[in-house]
Amino acid sequence: MALFSVGVNISLVVGHGGHSTTMLALAHDLPLVILPINLMFDQVLIGRIIEEKGAGAMLPSSSPPAKIRAVIEQVLADDAYRSEAERLGKAIRASRGTEKAAQLLQSLMSPSSTPHR
């Protein structure tokens with residue numbers, strides 16, 4: 001997500017509950033409001049986890065704008081959401097997932113690597 005790298009001041013992320021946006025938001029210590037679009041995918045599960053962890057809220061994507069606005073205002077007003085997003089963000093950054101994934105890919109591309117079965 002380009003916005004995270006251009007120095008824009010972001011306080012909260014509204015998304016559909018996809019992995020990429022959710023993880024980027026948390027990695028930047030940002031609480032979320034999740035509005036799942038496809039109930040057949042894991043977007044609802046991700047939204048529930050965000051709610052259970054206290055890092056944001058979830059609403060049906062059919063929610064009226066006034067309800068979405070009210071929930072956004074609630075999440076922004078309650079510092080507990082930001083605190084939990086920061087705690088999760090710290091854990092995400094500490095896991096060094098990008099570095100580990102790059103090392104794994106390099107090892108798989110090495111001529112001496114053997115296919116995993």
# chains A, B, ... in the order shown; residues from 1 in each chain; ligands from 1
$ residues_around --residues "Met58 of chain A" --least-positions-apart "4" --cutoff "6 Å" --atoms "only C-alpha atoms" --output "compact mmCIF listing (two decimals) with all heavy atoms, in the first residue's frame"
# COMPACT_ATOMS: atom_id res chain seq x y z
N VAL A 33 -11.01 -0.57 10.74
CA VAL A 33 -12.44 -0.82 10.64
C VAL A 33 -12.59 -1.71 9.42
O VAL A 33 -12.21 -1.32 8.31
CB VAL A 33 -13.27 0.47 10.52
CG1 VAL A 33 -14.73 0.14 10.24
CG2 VAL A 33 -13.15 1.31 11.79
N ILE A 34 -13.08 -2.91 9.65
CA ILE A 34 -13.18 -3.92 8.60
C ILE A 34 -14.63 -4.03 8.13
O ILE A 34 -15.54 -4.17 8.94
CB ILE A 34 -12.71 -5.31 9.12
CG1 ILE A 34 -11.30 -5.25 9.69
CG2 ILE A 34 -12.86 -6.38 8.05
CD1 ILE A 34 -10.21 -5.02 8.70
N LEU A 35 -14.82 -3.97 6.81
CA LEU A 35 -16.12 -4.16 6.17
C LEU A 35 -15.97 -5.28 5.13
O LEU A 35 -15.69 -5.01 3.96
CB LEU A 35 -16.60 -2.87 5.50
CG LEU A 35 -16.89 -1.73 6.46
CD1 LEU A 35 -15.75 -0.73 6.46
CD2 LEU A 35 -18.19 -1.07 6.10
N GLY A 47 -11.73 -9.94 10.27
CA GLY A 47 -12.44 -8.90 10.99
C GLY A 47 -12.75 -9.29 12.42
O GLY A 47 -12.59 -8.49 13.36
$ residues_around --residues "Arg93 of chain A" --least-positions-apart "5" --cutoff "12 Å" --atoms "only C-alpha atoms" --output "CSV table (one decimal) with N, CA, C and O atoms, in the first residue's frame"
chain,number,residue,atom,x,y,z
A,23,MET,N,-2.4,-6.5,7.5
A,23,MET,CA,-1.1,-6.7,8.1
A,23,MET,C,-0.3,-5.4,7.9
A,23,MET,O,0.5,-5.0,8.8
A,24,LEU,N,-0.4,-4.7,6.8
A,24,LEU,CA,0.3,-3.4,6.6
A,24,LEU,C,-0.2,-2.4,7.7
A,24,LEU,O,0.6,-1.7,8.3
A,25,ALA,N,-1.5,-2.3,7.9
A,25,ALA,CA,-2.0,-1.4,8.9
A,25,ALA,C,-1.5,-1.7,10.3
A,25,ALA,O,-1.0,-0.8,11.0
A,26,LEU,N,-1.5,-3.0,10.6
A,26,LEU,CA,-1.0,-3.4,12.0
A,26,LEU,C,0.5,-3.1,12.1
A,26,LEU,O,1.0,-2.7,13.1
A,27,ALA,N,1.2,-3.4,11.0
A,27,ALA,CA,2.7,-3.2,11.0
A,27,ALA,C,3.0,-1.7,11.2
A,27,ALA,O,4.1,-1.4,11.6
A,28,HIS,N,2.1,-0.9,10.9
A,28,HIS,CA,2.3,0.6,11.0
A,28,HIS,C,1.5,1.1,12.3
A,28,HIS,O,1.2,2.3,12.4
A,29,ASP,N,1.1,0.2,13.2
A,29,ASP,CA,0.4,0.5,14.4
A,29,ASP,C,-0.9,1.2,14.2
A,29,ASP,O,-1.3,2.0,15.1
A,86,GLU,N,-0.7,-1.1,18.2
A,86,GLU,CA,0.7,-0.9,18.4
A,86,GLU,C,1.3,-2.2,18.9
A,86,GLU,O,2.4,-2.6,18.5
A,87,ARG,N,0.7,-2.8,19.9
A,87,ARG,CA,1.2,-4.1,20.4
A,87,ARG,C,1.3,-5.1,19.3
A,87,ARG,O,2.4,-5.8,19.2
A,88,LEU,N,0.3,-5.3,18.5
A,88,LEU,CA,0.3,-6.3,17.4
A,88,LEU,C,1.4,-5.8,16.4
A,88,LEU,O,2.1,-6.7,15.8
A,98,THR,N,9.5,-10.6,6.5
A,98,THR,CA,10.0,-10.3,5.2
A,98,THR,C,11.4,-10.9,5.0
A,98,THR,O,11.7,-11.5,4.0
A,99,GLU,N,12.2,-10.7,6.0
A,99,GLU,CA,13.6,-11.2,6.0
A,99,GLU,C,13.6,-12.7,5.9
A,99,GLU,O,14.3,-13.3,5.1
A,100,LYS,N,12.7,-13.4,6.7
A,100,LYS,CA,12.6,-14.8,6.7
A,100,LYS,C,12.1,-15.4,5.4
A,100,LYS,O,12.6,-16.4,4.8
$ select_by_dssp --residues "chain A" --states "helix (DSSP H, G or I)" --output "JSON, numbers by chain"
{"A": [2, 3, 4, 5, 19, 20, 21, 22, 23, 24, 25, 26, 27, 43, 44, 45, 46, 47, 48, 49, 50, 51, 52, 53, 65, 66, 67, 68, 69, 70, 71, 72, 73, 74, 75, 76, 77, 79, 80, 81, 82, 83, 84, 85, 86, 87, 88, 89, 90, 91, 92, 93, 94, 97, 98, 99, 100, 101, 102, 103, 104, 105, 106, 107, 108, 109]}
$ closest_residue --among "A:Met109, A:Gly17, A:Ile10, A:Tyr81" --to "Ser61 of chain A" --atoms "only C-alpha atoms"
A:Gly17
$ closest_residue --among "A:Val8, A:Leu32, A:Gly97, A:Glu52" --to "Gln74 of chain A" --atoms "only C-alpha atoms"
A:Leu32
$ closest_residue --among "A:Pro31, A:Ala102, A:His16, A:Arg69" --to "Leu45 of chain A" --atoms "only C-alpha atoms"
A:His16
$ select_by_dssp --residues "chain A" --states "strand (DSSP E or B)" --output "PyMOL selection string"
chain A and resi 13-15+32-34+56-58
$ write_last_selection --atoms "N, CA and C atoms" --output "PDB file, in the first residue's frame"
ATOM      1  N   VAL A  13      -7.256   2.673   9.359  1.00  0.00           N
ATOM      2  CA  VAL A  13      -7.436   2.104   8.027  1.00  0.00           C
ATOM      3  C   VAL A  13      -8.817   1.452   7.963  1.00  0.00           C
ATOM      4  N   VAL A  14      -9.559   1.772   6.906  1.00  0.00           N
ATOM      5  CA  VAL A  14     -10.831   1.120   6.618  1.00  0.00           C
ATOM      6  C   VAL A  14     -10.571   0.186   5.449  1.00  0.00           C
ATOM      7  N   GLY A  15     -10.888  -1.085   5.612  1.00  0.00           N
ATOM      8  CA  GLY A  15     -10.626  -2.054   4.551  1.00  0.00           C
ATOM      9  C   GLY A  15     -11.618  -3.191   4.578  1.00  0.00           C
ATOM     10  N   LEU A  32      -8.024  -0.644  12.787  1.00  0.00           N
ATOM     11  CA  LEU A  32      -8.779  -0.895  11.557  1.00  0.00           C
ATOM     12  C   LEU A  32     -10.283  -0.896  11.781  1.00  0.00           C
ATOM     13  N   VAL A  33     -11.008  -0.565  10.743  1.00  0.00           N
ATOM     14  CA  VAL A  33     -12.435  -0.824  10.645  1.00  0.00           C
ATOM     15  C   VAL A  33     -12.591  -1.708   9.415  1.00  0.00           C
ATOM     16  N   ILE A  34     -13.082  -2.908   9.648  1.00  0.00           N
ATOM     17  CA  ILE A  34     -13.175  -3.925   8.598  1.00  0.00           C
ATOM     18  C   ILE A  34     -14.628  -4.028   8.128  1.00  0.00           C
ATOM     19  N   GLY A  56      -9.529  -3.005  16.479  1.00  0.00           N
ATOM     20  CA  GLY A  56     -10.441  -2.375  15.552  1.00  0.00           C
ATOM     21  C   GLY A  56     -11.838  -2.932  15.684  1.00  0.00           C
ATOM     22  N   ALA A  57     -12.646  -2.654  14.679  1.00  0.00           N
ATOM     23  CA  ALA A  57     -14.044  -3.068  14.685  1.00  0.00           C
ATOM     24  C   ALA A  57     -14.413  -3.610  13.308  1.00  0.00           C
ATOM     25  N   MET A  58     -15.515  -4.367  13.272  1.00  0.00           N
ATOM     26  CA  MET A  58     -15.998  -4.908  12.005  1.00  0.00           C
ATOM     27  C   MET A  58     -17.475  -4.570  11.863  1.00  0.00           C
TER      28      MET A  58
END
$ atom_distance --atom1 "atom CA of Gly18 of chain A" --atom2 "atom CA of Glu51 of chain A"
14.6 Å
$ atom_distance --atom1 "atom CA of Ser11 of chain A" --atom2 "atom CA of Ala70 of chain A"
15.3 Å
$ closest_residue --among "A:Ala101, A:Leu30, A:Leu59, A:Val71" --to "Val44 of chain A" --atoms "only C-alpha atoms"
A:Leu59
$ closest_residue --among "A:Asn38, A:Ala91, A:Glu84, A:Leu108" --to "Gly54 of chain A" --atoms "only C-alpha atoms"
A:Glu84
$ atom_distance --atom1 "atom CA of Ala85 of chain A" --atom2 "atom CA of Ile46 of chain A"
13.9 Å
$ closest_residue --among "A:Gln103, A:Ser112, A:Ala94, A:Pro36" --to "Ser63 of chain A" --atoms "only C-alpha atoms"
A:Pro36
